[in-house]
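Novice: Below you'll find the structure I mean.
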Amino acid sequence: MPISNDIVLRPRFKIEIPRNNQSVLSDFEQAKSTQSDFIVNRIDDQVFIKFPKHKQHFWSPQLHLEINEVDENSSLLYGLFGPNPTVWTLFMFLHFMVAGFFIAFGIWTYTNWTLGNSYTIQLSLMLLMVVIWFVLYFAGRIGKDSSKGEMHKLHDFMTHVLK
């Protein structure tokens, strides 16, 4: 499972499958009832694979698959690894909040600069936002690195079902 860009927090992949998408989707439906290591949910042409609640931690990944029909004998599988959607939404909210504060402090800094007032506090707050953004980024990287083994288990399960 090579990742072309090492900076990406949510790895993606694409696989061409020489089978009809409905037969692949039915294989995942069967895997749902024949094993208990993973929770498999299917909605239309999408499959979500995740760990049961008792095996999950904050950064536990899940695998989102979209299986599109190319023609009657082949299909294209798009995969996306990511944390729980609630965790991802919180993580992105924090990023946007830091960016918003950075812009607000930048406006405040510029206003004080043009008025000839002291702007060291505002500039310090802008730099603090940059530091917080780096902390959030590295927290995401650490979370991704801590769940690589689980990502491999999800990928192995997917390849086992596809065979």
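Starting from 1 in every chain, residues are counted up; chains themselves are A, B, ... following the order of the structure tokens, and ligands are numbered from 1 as listed.
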Give the helix (DSSP H, G or I) residues of chain A, as assigned by DSSP on the backbone, as a PyMOL selection string.

Specialist: chain A and resi 21-34+53-55+85-115+120-146+148-162

Novice: Do a neighbour search on Gly143 of chain A at 9 Å with only C-alpha atoms, toss out local chain neighbours closer than 6 positions, and write the hits as a PyMOL selection string.

Specialist: chain A and resi 58-60+83

Novice: Take atom CA of Gly79 of chain A and atom CA of Pro61 of chain A and report the distance between them in Å, one decimal.

Specialist: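 Atom-to-atom, atom CA of Gly79 of chain A to atom CA of Pro61 of chain A, that is 12.5 Å.
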
Novice: What is the distance between atom CA of Tyr137 of chain A and atom CA of Leu125 of chain A, in Å to one decimal?

Specialist: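 Rounded to one decimal, the two atoms are 18.3 Å apart.
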
Novice: Using only C-alpha atoms, I'd like a table of the residues in segment 110-136 of chain A that come within 12 Å of segment 91-94 of chain A; for each, show the closest atom pair and its distance in Å rounded to one decimal, ordered by chain and ascending number, as CSV.

Specialist:
residue,atom,partner,partner_atom,distance
A:Met129,CA,A:Leu94,CA,11.1
A:Ile132,CA,A:Leu94,CA,9.6
A:Trp133,CA,A:Leu94,CA,8.8
A:Phe134,CA,A:Leu94,CA,11.9
A:Val135,CA,A:Leu94,CA,11.1
A:Leu136,CA,A:Phe91,CA,7.9

Novice: Go through A:Asn68, A:Leu154, A:Leu115, A:His160 and flag the residue nearest Ile39 of chain A, using only C-alpha atoms for the distances.

Specialist: A:Leu154

Novice: Using atom CA of Asp37 of chain A and atom CA of Gln56 of chain A as the two end points, give the distance in Å to one decimal.

Specialist: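 Separation between atom CA of Asp37 of chain A and atom CA of Gln56 of chain A: 11.5 Å.
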
Novice: Using only C-alpha atoms, tabulate the residues of segment 85-163 of chain A lying at most 8 Å from any atom of segment 5-29 of chain A, each with its closest atom pair and that distance in Å to one decimal, by chain and increasing residue number, as a tab-separated table.

Specialist:
residue	atom	partner	partner_atom	distance
A:Gly140	CA	A:Leu9	CA	7.0
A:Arg141	CA	A:Leu9	CA	6.7
A:Lys144	CA	A:Leu9	CA	6.8
A:Val161	CA	A:Asp27	CA	6.4
A:Leu162	CA	A:Val24	CA	6.8
